[in-house]
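Dropping work.cif in here (mmCIF, C-alpha atoms):
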```cif
data_structure
#
loop_
_atom_site.group_PDB
_atom_site.id
_atom_site.type_symbol
_atom_site.label_atom_id
_atom_site.label_comp_id
_atom_site.auth_asym_id
_atom_site.auth_seq_id
_atom_site.Cartn_x
_atom_site.Cartn_y
_atom_site.Cartn_z
ATOM 1 C CA MET A 103 -7.040 6.398 10.422
ATOM 2 C CA ILE A 104 -6.933 5.319 6.783
ATOM 3 C CA GLU A 105 -3.599 3.504 7.206
ATOM 4 C CA ALA A 106 -5.176 1.071 9.676
ATOM 5 C CA GLY A 107 -8.096 0.555 7.301
ATOM 6 C CA ILE A 108 -5.796 -0.203 4.359
ATOM 7 C CA VAL A 109 -3.797 -2.691 6.440
ATOM 8 C CA ALA A 110 -7.030 -4.397 7.546
ATOM 9 C CA LEU A 111 -8.233 -4.586 3.929
ATOM 10 C CA VAL A 112 -4.991 -6.110 2.662
ATOM 11 C CA THR A 113 -4.485 -8.572 5.516
ATOM 12 C CA ALA A 114 -8.111 -9.759 5.308
ATOM 13 C CA ASP A 115 -7.753 -10.703 1.632
ATOM 14 C CA ALA A 116 -7.201 -14.442 1.134
ATOM 15 C CA THR A 117 -4.941 -13.996 -1.905
ATOM 16 C CA MET A 118 -2.726 -11.501 -0.095
ATOM 17 C CA THR A 119 -2.481 -13.573 3.076
ATOM 18 C CA GLY A 120 -1.618 -16.591 0.957
ATOM 19 C CA LEU A 121 1.362 -14.630 -0.341
ATOM 20 C CA ILE A 122 2.535 -12.544 2.630
ATOM 21 C CA GLY A 123 0.630 -13.885 5.638
ATOM 22 C CA ASN A 124 0.381 -10.984 8.083
ATOM 23 C CA ARG A 125 3.790 -9.572 7.056
ATOM 24 C CA MET A 126 2.737 -6.008 6.230
ATOM 25 C CA TYR A 127 4.806 -3.304 7.906
ATOM 26 C CA PRO A 128 4.752 0.499 8.115
ATOM 27 C CA VAL A 129 7.877 2.100 6.594
ATOM 28 C CA LEU A 130 10.610 -0.252 7.888
ATOM 29 C CA LEU A 131 10.998 -4.006 7.736
ATOM 30 C CA PRO A 132 11.691 -5.849 11.002
ATOM 31 C CA GLU A 133 14.956 -7.697 11.591
ATOM 32 C CA PRO A 134 15.175 -10.507 10.705
ATOM 33 C CA THR A 135 12.789 -10.265 7.758
ATOM 34 C CA VAL A 136 10.785 -13.175 6.378
ATOM 35 C CA TYR A 137 10.058 -12.837 2.647
ATOM 36 C CA PRO A 138 7.877 -12.175 0.789
ATOM 37 C CA CYS A 139 6.426 -9.245 2.679
ATOM 38 C CA LEU A 140 4.977 -5.813 2.080
ATOM 39 C CA SER A 141 5.841 -2.416 3.529
ATOM 40 C CA TYR A 142 3.913 0.809 3.060
ATOM 41 C CA GLN A 143 4.267 4.512 3.639
ATOM 42 C CA VAL A 144 2.415 7.717 2.845
ATOM 43 C CA VAL A 145 4.315 9.728 0.237
ATOM 44 C CA THR A 146 2.035 12.785 0.052
ATOM 45 C CA ALA A 147 -1.262 13.916 1.540
ATOM 46 C CA SER A 148 -3.642 16.792 0.957
ATOM 47 C CA SER A 149 -7.184 17.714 1.917
ATOM 48 C CA MET A 150 -9.929 20.226 1.212
ATOM 49 C CA PHE A 151 -13.487 20.897 2.301
ATOM 50 C CA ALA A 152 -16.496 20.310 0.070
ATOM 51 C CA LEU A 153 -19.465 22.679 0.047
ATOM 52 C CA ASP A 154 -21.312 20.441 2.508
ATOM 53 C CA ARG A 155 -18.338 20.818 4.918
ATOM 54 C CA THR A 156 -17.204 17.232 4.330
ATOM 55 C CA GLN A 157 -13.440 16.978 4.319
ATOM 56 C CA ILE A 158 -12.137 15.239 1.202
ATOM 57 C CA ALA A 159 -8.569 14.016 1.342
ATOM 58 C CA THR A 160 -6.060 12.308 -0.915
ATOM 59 C CA LYS A 161 -3.128 10.223 0.229
ATOM 60 C CA ARG A 162 -0.526 8.766 -2.047
ATOM 61 C CA PHE A 163 0.634 5.430 -0.682
ATOM 62 C CA GLN A 164 3.810 3.625 -1.662
ATOM 63 C CA PHE A 165 3.708 -0.148 -1.259
ATOM 64 C CA ASP A 166 6.997 -2.046 -1.436
ATOM 65 C CA ALA A 167 6.831 -5.775 -2.127
ATOM 66 C CA TRP A 168 10.003 -7.518 -0.908
ATOM 67 C CA GLY A 169 11.127 -10.987 -1.906
ATOM 68 C CA ALA A 170 14.015 -13.381 -2.238
ATOM 69 C CA ASN A 171 13.139 -13.602 -5.935
ATOM 70 C CA TYR A 172 11.594 -11.310 -8.523
ATOM 71 C CA GLY A 173 8.547 -13.527 -9.089
ATOM 72 C CA ASP A 174 7.472 -13.277 -5.464
ATOM 73 C CA CYS A 175 7.533 -9.474 -5.627
ATOM 74 C CA LYS A 176 5.507 -9.367 -8.819
ATOM 75 C CA SER A 177 2.943 -11.854 -7.470
ATOM 76 C CA VAL A 178 2.396 -9.656 -4.415
ATOM 77 C CA LEU A 179 1.946 -6.537 -6.561
ATOM 78 C CA VAL A 180 -0.476 -8.274 -8.940
ATOM 79 C CA ALA A 181 -2.600 -9.364 -5.973
ATOM 80 C CA LEU A 182 -2.403 -5.895 -4.409
ATOM 81 C CA ASP A 183 -3.460 -4.286 -7.686
ATOM 82 C CA GLY A 184 -6.431 -6.625 -7.945
ATOM 83 C CA LEU A 185 -7.491 -5.551 -4.480
ATOM 84 C CA LEU A 186 -6.780 -1.794 -4.554
ATOM 85 C CA ASN A 187 -6.966 -0.500 -8.121
ATOM 86 C CA GLY A 188 -10.451 0.938 -8.562
ATOM 87 C CA TYR A 189 -11.451 0.093 -4.977
ATOM 88 C CA SER A 190 -14.246 2.095 -3.388
ATOM 89 C CA GLY A 191 -16.056 1.341 -0.161
ATOM 90 C CA VAL A 192 -15.855 1.696 3.587
ATOM 91 C CA LEU A 193 -12.726 0.408 5.310
ATOM 92 C CA ALA A 194 -12.733 -1.404 8.664
ATOM 93 C CA ASP A 195 -11.685 1.810 10.457
ATOM 94 C CA GLY A 196 -14.742 3.637 9.014
ATOM 95 C CA THR A 197 -12.903 5.588 6.301
ATOM 96 C CA ARG A 198 -15.018 5.974 3.159
ATOM 97 C CA VAL A 199 -12.796 5.471 0.110
ATOM 98 C CA LEU A 200 -14.179 7.163 -2.991
ATOM 99 C CA VAL A 201 -11.576 5.606 -5.294
ATOM 100 C CA ALA A 202 -8.070 4.155 -5.237
ATOM 101 C CA ILE A 203 -6.054 4.531 -8.435
ATOM 102 C CA SER A 204 -2.766 2.918 -9.416
ATOM 103 C CA ILE A 205 -0.188 5.567 -10.321
ATOM 104 C CA GLN A 206 3.075 3.788 -11.090
ATOM 105 C CA GLU A 207 5.262 0.728 -10.559
ATOM 106 C CA LEU A 208 9.015 0.350 -10.287
ATOM 107 C CA ASP A 209 11.328 -2.654 -9.847
ATOM 108 C CA GLN A 210 14.599 -2.630 -7.920
ATOM 109 C CA PHE A 211 17.256 -4.979 -6.607
ATOM 110 C CA GLU A 212 18.820 -4.196 -3.255
ATOM 111 C CA SER A 213 22.355 -5.498 -3.657
ATOM 112 C CA ASP A 214 23.360 -5.055 0.004
ATOM 113 C CA GLY A 215 20.634 -7.399 1.223
ATOM 114 C CA ARG A 216 20.454 -9.437 -2.006
ATOM 115 C CA VAL A 217 16.686 -8.924 -2.094
ATOM 116 C CA TYR A 218 14.209 -7.858 -4.765
ATOM 117 C CA ARG A 219 11.867 -4.923 -4.294
ATOM 118 C CA SER A 220 8.898 -3.956 -6.446
ATOM 119 C CA ILE A 221 7.164 -0.660 -5.732
ATOM 120 C CA ALA A 222 3.583 0.353 -6.490
ATOM 121 C CA GLU A 223 2.040 3.729 -5.748
ATOM 122 C CA TYR A 224 -1.667 4.418 -5.342
ATOM 123 C CA SER A 225 -3.579 7.646 -4.959
ATOM 124 C CA ILE A 226 -6.505 7.142 -2.575
ATOM 125 C CA LEU A 227 -9.316 9.702 -2.474
ATOM 126 C CA TYR A 228 -11.446 9.477 0.673
ATOM 127 C CA THR A 229 -13.695 11.452 2.994
ATOM 128 C CA ARG A 230 -13.065 12.394 6.592
ATOM 129 C CA THR A 231 -15.799 13.129 9.061
#
```
Written as structure tokens, that's how I'd like the structure from this file.
Amino acid sequence: MIEAGIVALVTADATMTGLIGNRMYPVLLPEPTVYPCLSYQVVTASSMFALDRTQIATKRFQFDAWGANYGDCKSVLVALDGLLNGYSGVLADGTRVLVAISIQELDQFESDGRVYRSIAEYSILYTRT
């Protein structure tokens, strides 16, 4: 499953672990939350078959960097971009990533929790066997 491979890639990176440790969560943040951290979710997914019957798929991932201050969020996204943007290779789960491309970024402030949130979306093209 590509999600497990992406998590393994991010949490194995020394720069990322220096920023977020192992605090990378699917969809929802745990309570209580230690910042900075990163959450992720799949926004869209599609697939098709190539002529050689290989299944080629695309998933659009949304990564949310959370922090007590804006700088922490931006540092996490800069490190994530350095790791993912243009990435190609085989993930720990065996998924072969053809290319990961940064699509957009967005900054927010969650007033209820008094926490900053910076969002980055990536389109990841990969093959399934």
What are the nearest atom pairs, with distances in Å to one decimal, for all residues of region 124-158 of chain A that come at most 8 Å from region 165-168 of chain A, using all atoms listed in the file, set out by chain and rising residue number as CSV?
```
residue,atom,partner,partner_atom,distance
A:Tyr137,CA,A:Trp168,CA,6.4
A:Pro138,CA,A:Trp168,CA,5.4
A:Cys139,CA,A:Trp168,CA,5.4
A:Leu140,CA,A:Ala167,CA,4.6
A:Ser141,CA,A:Asp166,CA,5.1
A:Tyr142,CA,A:Phe165,CA,4.4
A:Gln143,CA,A:Phe165,CA,6.8
```
So, with only C-alpha atoms as the atoms that count, which of A:Leu200, A:Ala194, A:Val112, A:Leu208 lies closest to Ala181 (chain A)?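 The closest residue to Ala181 (chain A) is A:Val112.
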Rounded to one decimal place, report the CA of Met103 (chain A)-CA of Arg230 (chain A) distance in Å.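 Taking CA of Met103 (chain A) and CA of Arg230 (chain A), their separation equals 9.3 Å.
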Box along x, y and z, 4 Å on every side, all listed atoms of region 165-184 of chain A inside: centre and edge lengths in Å to one decimal, as lines of an AutoDock Vina configuration file.
```
center_x = 3.8
center_y = -6.9
center_z = -5.0
size_x = 28.4
size_y = 21.5
size_z = 16.2
```
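Atom pair CA of Thr197 (chain A) / CA of Thr117 (chain A) has a distance of 22.7 Å (rounded to one decimal).
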Rounded to one decimal in Å, what is the spacing between CA of Val180 (chain A) and CA of Ala222 (chain A)?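 Interatomic distance, CA of Val180 (chain A) to CA of Ala222 (chain A): 9.8 Å.
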Quick one: everything within 10 Å of Thr160 (chain A), counting only C-alpha atoms, minus sequence neighbours fewer than 6 positions away in the same chain. Send it as a list in words. Thr146, Ala147, Ser148, Ser149, Met150, Val199, Leu200, Val201, Ala202, Ser225, Ile226, Leu227, Tyr228 and Thr229 of chain A
Return the single residue from A:Ile158, A:Ala106, A:Val136, A:Ile221 that is closest to Leu182 (chain A), with distances computed using only C-alpha atoms.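 Nearest candidate to Leu182 (chain A) out of A:Ile158, A:Ala106, A:Val136, A:Ile221: A:Ile221.
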The PyMOL selection byres ((chain A and resi 217) around 6) - which residues does that actually catch in the file I just gave you? List them as a list in words.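 With the PyMOL selection byres ((chain A and resi 217) around 6) on this model, the match is Gly169, Ala170, Glu212, Gly215, Arg216 and Tyr218 of chain A.
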Can you work out which one of A:Asp174, A:Lys161, A:Tyr224, A:Arg219 has the shortest atom-to-atom distance to Asn187 (chain A), counting only C-alpha atoms?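 Checking each of A:Asp174, A:Lys161, A:Tyr224, A:Arg219 against Asn187 (chain A), counting only C-alpha atoms, the winner is A:Tyr224.
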Given all atoms listed in the file as the basis, pick out the residue of A:Ser220, A:Ser204, A:Ser190, A:Thr135 nearest to Gly173 (chain A).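 Smallest separation from Gly173 (chain A) among the options: A:Ser220.
Of the listed residues A:Lys176, A:Asp154, A:Val145, A:Ile108, the one whose atoms come nearest to Leu121 (chain A) is A:Lys176, with distances taken using only C-alpha atoms.
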Closest of A:Ala116, A:Leu179, A:Leu185, A:Ala152 to Gln206 (chain A), counting only C-alpha atoms, is A:Leu179
At a cut-off of 8 Å, using only C-alpha atoms, what residues contact Thr113 (chain A)? Leave out same-chain residues fewer than 3 positions from it and give the result as a VMD selection string. chain A and resid 109 to 110 116 118 to 119 123 to 124 126
